[in-house]
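See below for the structure under consideration.
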Amino acid sequence: MQPRIIVHGGAWTIPAERQQAHIDGVRAAVKTAWPMLAEGADALDAVQAAINLMEIDPTFDAGRGAVLNADGQIELDAAIMDGRTLNYGGVAGVRHFMTPVDIARKVLETEFCLLIAEGAERFARECGLPEVDPRELLTERELELYKELISRKGYCTHDAFKPVPQGTVGAVAMDVNGNIVAATSTGGTPCKKPGRVGDSPLCGAGTYADNETGGASATGFGEGIIRTLMTRSACDYLRDNGANDAARLAIELLHRRVNGHAGLIMLNNKGEYGIFHNTDHMAYAYAHADGTVHASVHMNE
Ligand code: ASP
């Protein structure tokens with residue numbers, strides 16, 4: 001099989017001066033992961049490497065650069081799913097690790113699916129994953145945004161869907177054996193309630209993969225994505241539709257049922273990419289069959 005990889009770097013209103021950093025970040029993720037796949041790496045390893053790169057990049061709302069919650073703290077969520085076995089690993093409310101998808105990958109290798117907060121961190125330490133001071137995750141940009149939002153009277157996290165730049169990251173890949181893996185990593189929504197868990201680490205909400213259909217990673221209005229099980233719905237749509245149509249149908253479902261805004265990247269088991277968003281912008285990149293990379297911030301008219 002020809003390997004495939006598609007990644008996203010969030011779907012919100014990305015200000016003009018920040019678009020190039022998003023394009024560079026998603027391109028770098030594909031450029032790292034595609035050669036791994038071409039050399040025969042497992043899709044789990046390639047997807048993890050792509051996500052790691054974007055978690056470390058302060059451009060995105062994942063790992064370093066994540067948004068702050070209403071208490072001024074960073075709480076990270078991430079997940080990874082293996083379409084061959086349906087094994088799933090998710091973590092939520094992680095505060096002391098820069099690359100939470102690495103913890104999710106370790107969870108995937110256990111009998112459990114989802115670990116949260118202190119339990120997830122204790123498990124990460126047991127696995128020997130490197131801990132960081134939460135201040136290493138903090139950027140001046142997000143501190144400023146936090147101060148601004150917290151001072152807005154009656155601010156609600158859903159207000160963030162228009163003016164506030166975001167950048168959850170996600171990746172979906174197929175390796176030379178035809179195995180499909182999806183993963184997502186995020187700091188969630190700005191000023192979220194402490195302890196709030198978004199869609200990203202929840203199976204079938206923000207992240208889903210099944211070799212029988214395909215894989216998907218979502219970004220956007222987490223509460224709506226959870227209620228419509230958007231990535232699982234999108235993969236179900238693949239049974240009767242091409243990848244782009246399946247992505248569109250899932251976003252239409254979100255909009256119709258819960259008035260939600262989001263973006264979705266997908267890959268079906270024939271190797272077709274699907275991309276759709278009903279937000280202003282979405283940053284994404286994918287590899288063509290020869291390994292050349294297309295990276296852009298797509299804008300809805
Ligand atoms: N979906 C994420 C969440 O609600 C946020 C995002 O994608 O930007 O946690």
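Residues are referred to by chain and number: the chain letter is A, B, ... according to the order shown in the structure tokens, the number counts from 1 in that chain, and ligands are numbered separately from 1 in the order shown.
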Exercise for the section: Would you kindly return, as a VMD selection string, each protein, DNA or RNA residue with an atom no farther than 10 Å from any atom of range 18-33 of chain A, considering only C-alpha atoms and excluding same-chain residues fewer than 3 positions away? Expected result: chain A and resid 4 to 10 13 to 15 36 to 38 41 43 45 to 55 57 to 60 165 167 169 to 171 173 281 to 287 291 to 298
Exercise for the section: Using only C-alpha atoms and all ligand atoms, find each protein or nucleic acid residue lying at most 9 Å from ligand 1; present the set as a VMD selection string. Expected result: chain A and resid 9 to 12 61 76 to 77 161 165 to 169 184 to 190 192 196 to 201 206 218 to 226 262 to 263
Who sits within 12 Å of range 126-129 of chain A, only C-alpha atoms, same chain under 3 positions skipped, as a CSV table (one decimal) with C-alpha atoms, in the first residue's frame:
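Result file out-v5.csv:
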chain,number,residue,atom,x,y,z
A,96,HIS,CA,3.2,18.2,33.7
A,97,PHE,CA,4.0,16.6,30.4
A,98,MET,CA,4.6,18.4,27.1
A,99,THR,CA,3.6,15.6,24.7
A,100,PRO,CA,0.5,14.0,26.2
A,101,VAL,CA,0.0,11.8,23.1
A,102,ASP,CA,3.0,9.8,24.3
A,103,ILE,CA,1.1,9.0,27.5
A,104,ALA,CA,-2.0,8.1,25.4
A,105,ARG,CA,0.1,5.8,23.3
A,106,LYS,CA,1.3,4.0,26.5
A,107,VAL,CA,-2.4,3.8,27.7
A,109,GLU,CA,-0.8,-0.6,25.1
A,110,THR,CA,-2.7,-1.4,28.4
A,119,GLY,CA,-3.8,8.9,37.6
A,120,ALA,CA,-2.6,9.7,34.0
A,121,GLU,CA,0.4,11.5,35.3
A,122,ARG,CA,1.3,8.8,37.8
A,123,PHE,CA,1.1,6.3,34.9
A,132,VAL,CA,8.1,19.3,32.7
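Of the residues listed (A:Leu44, A:Leu149, A:Leu138, A:Ala16), A:Leu138 shows the shortest atom-to-atom separation from Glu75 in chain A; distances use only C-alpha atoms.
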Exercise for the section: Would you work out the distance separating CA of Tyr237 in chain A from CA of Ile180 in chain A, expressed in Å to one decimal? Expected result: 16.5 Å
Exercise for the section: Please identify all polymer residues within 7 Å of range 230-234 of chain A, counting only C-alpha atoms, omitting same-chain residues fewer than 4 positions from it, and present them as a PyMOL selection string. Expected result: chain A and resi 204-208+216-218+225-226+238+246-247+250
Those same residues, written as an mmCIF file, in the first residue's frame with all heavy atoms?
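Saved file again-v2.cif follows:
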data_model
loop_
_atom_site.group_PDB
_atom_site.id
_atom_site.type_symbol
_atom_site.label_atom_id
_atom_site.label_comp_id
_atom_site.auth_asym_id
_atom_site.auth_seq_id
_atom_site.Cartn_x
_atom_site.Cartn_y
_atom_site.Cartn_z
ATOM 1 N N GLY A 204 -14.333 8.248 19.368
ATOM 2 C CA GLY A 204 -15.492 8.470 18.509
ATOM 3 C C GLY A 204 -15.972 9.912 18.500
ATOM 4 O O GLY A 204 -16.778 10.300 17.667
ATOM 5 N N ALA A 205 -15.479 10.720 19.452
ATOM 6 C CA ALA A 205 -15.836 12.147 19.468
ATOM 7 C C ALA A 205 -14.788 12.904 18.648
ATOM 8 O O ALA A 205 -15.018 13.223 17.487
ATOM 9 C CB ALA A 205 -15.928 12.644 20.901
ATOM 10 N N GLY A 206 -13.593 13.145 19.260
ATOM 11 C CA GLY A 206 -12.560 13.884 18.536
ATOM 12 C C GLY A 206 -11.584 13.002 17.785
ATOM 13 O O GLY A 206 -10.818 13.502 16.951
ATOM 14 N N THR A 207 -11.596 11.702 18.082
ATOM 15 C CA THR A 207 -10.578 10.799 17.506
ATOM 16 C C THR A 207 -11.203 9.425 17.245
ATOM 17 O O THR A 207 -11.839 8.858 18.148
ATOM 18 C CB THR A 207 -9.413 10.628 18.525
ATOM 19 O OG1 THR A 207 -8.967 11.924 18.946
ATOM 20 C CG2 THR A 207 -8.247 9.865 17.916
ATOM 21 N N TYR A 208 -10.998 8.906 16.036
ATOM 22 C CA TYR A 208 -11.508 7.553 15.757
ATOM 23 C C TYR A 208 -10.760 6.940 14.579
ATOM 24 O O TYR A 208 -10.393 7.640 13.636
ATOM 25 C CB TYR A 208 -13.014 7.576 15.433
ATOM 26 C CG TYR A 208 -13.634 6.210 15.545
ATOM 27 C CD1 TYR A 208 -13.859 5.633 16.786
ATOM 28 C CD2 TYR A 208 -13.946 5.461 14.400
ATOM 29 C CE1 TYR A 208 -14.386 4.351 16.905
ATOM 30 C CE2 TYR A 208 -14.471 4.193 14.508
ATOM 31 C CZ TYR A 208 -14.696 3.638 15.761
ATOM 32 O OH TYR A 208 -15.206 2.377 15.882
ATOM 33 N N ALA A 216 -10.303 9.482 11.549
ATOM 34 C CA ALA A 216 -10.640 10.903 11.545
ATOM 35 C C ALA A 216 -10.151 11.577 12.821
ATOM 36 O O ALA A 216 -10.103 10.958 13.884
ATOM 37 C CB ALA A 216 -12.156 11.084 11.425
ATOM 38 N N SER A 217 -9.795 12.861 12.694
ATOM 39 C CA SER A 217 -9.455 13.692 13.849
ATOM 40 C C SER A 217 -10.198 15.020 13.696
ATOM 41 O O SER A 217 -10.207 15.608 12.614
ATOM 42 C CB SER A 217 -7.948 13.943 13.923
ATOM 43 O OG SER A 217 -7.678 14.953 14.884
ATOM 44 N N ALA A 218 -10.803 15.466 14.799
ATOM 45 C CA ALA A 218 -11.634 16.678 14.760
ATOM 46 C C ALA A 218 -11.002 17.805 15.537
ATOM 47 O O ALA A 218 -10.153 17.589 16.407
ATOM 48 C CB ALA A 218 -13.007 16.368 15.356
ATOM 49 N N ILE A 225 -19.029 18.257 19.375
ATOM 50 C CA ILE A 225 -18.376 17.104 18.741
ATOM 51 C C ILE A 225 -18.630 15.847 19.582
ATOM 52 O O ILE A 225 -18.863 14.759 19.062
ATOM 53 C CB ILE A 225 -16.861 17.373 18.560
ATOM 54 C CG1 ILE A 225 -16.636 18.544 17.599
ATOM 55 C CG2 ILE A 225 -16.140 16.126 18.056
ATOM 56 C CD1 ILE A 225 -15.198 19.066 17.555
ATOM 57 N N ILE A 226 -18.638 16.029 20.904
ATOM 58 C CA ILE A 226 -18.941 14.889 21.793
ATOM 59 C C ILE A 226 -20.372 14.419 21.555
ATOM 60 O O ILE A 226 -20.636 13.226 21.404
ATOM 61 C CB ILE A 226 -18.762 15.298 23.280
ATOM 62 C CG1 ILE A 226 -17.288 15.575 23.603
ATOM 63 C CG2 ILE A 226 -19.321 14.215 24.212
ATOM 64 C CD1 ILE A 226 -17.040 16.216 24.963
ATOM 65 N N LEU A 238 -18.358 6.959 5.747
ATOM 66 C CA LEU A 238 -17.439 6.448 4.714
ATOM 67 C C LEU A 238 -17.961 5.188 4.041
ATOM 68 O O LEU A 238 -17.532 4.833 2.947
ATOM 69 C CB LEU A 238 -16.072 6.135 5.334
ATOM 70 C CG LEU A 238 -15.165 7.320 5.659
ATOM 71 C CD1 LEU A 238 -13.924 6.842 6.392
ATOM 72 C CD2 LEU A 238 -14.778 8.079 4.394
ATOM 73 N N ALA A 246 -17.887 12.369 3.252
ATOM 74 C CA ALA A 246 -18.104 11.890 4.621
ATOM 75 C C ALA A 246 -17.747 12.987 5.625
ATOM 76 O O ALA A 246 -18.469 13.212 6.606
ATOM 77 C CB ALA A 246 -17.272 10.637 4.885
ATOM 78 N N ALA A 247 -16.636 13.694 5.381
ATOM 79 C CA ALA A 247 -16.233 14.794 6.271
ATOM 80 C C ALA A 247 -17.298 15.894 6.261
ATOM 81 O O ALA A 247 -17.694 16.406 7.311
ATOM 82 C CB ALA A 247 -14.873 15.345 5.849
ATOM 83 N N ALA A 250 -20.455 14.851 8.198
ATOM 84 C CA ALA A 250 -20.274 14.870 9.662
ATOM 85 C C ALA A 250 -20.339 16.300 10.201
ATOM 86 O O ALA A 250 -20.924 16.553 11.256
ATOM 87 C CB ALA A 250 -18.948 14.217 10.028
#
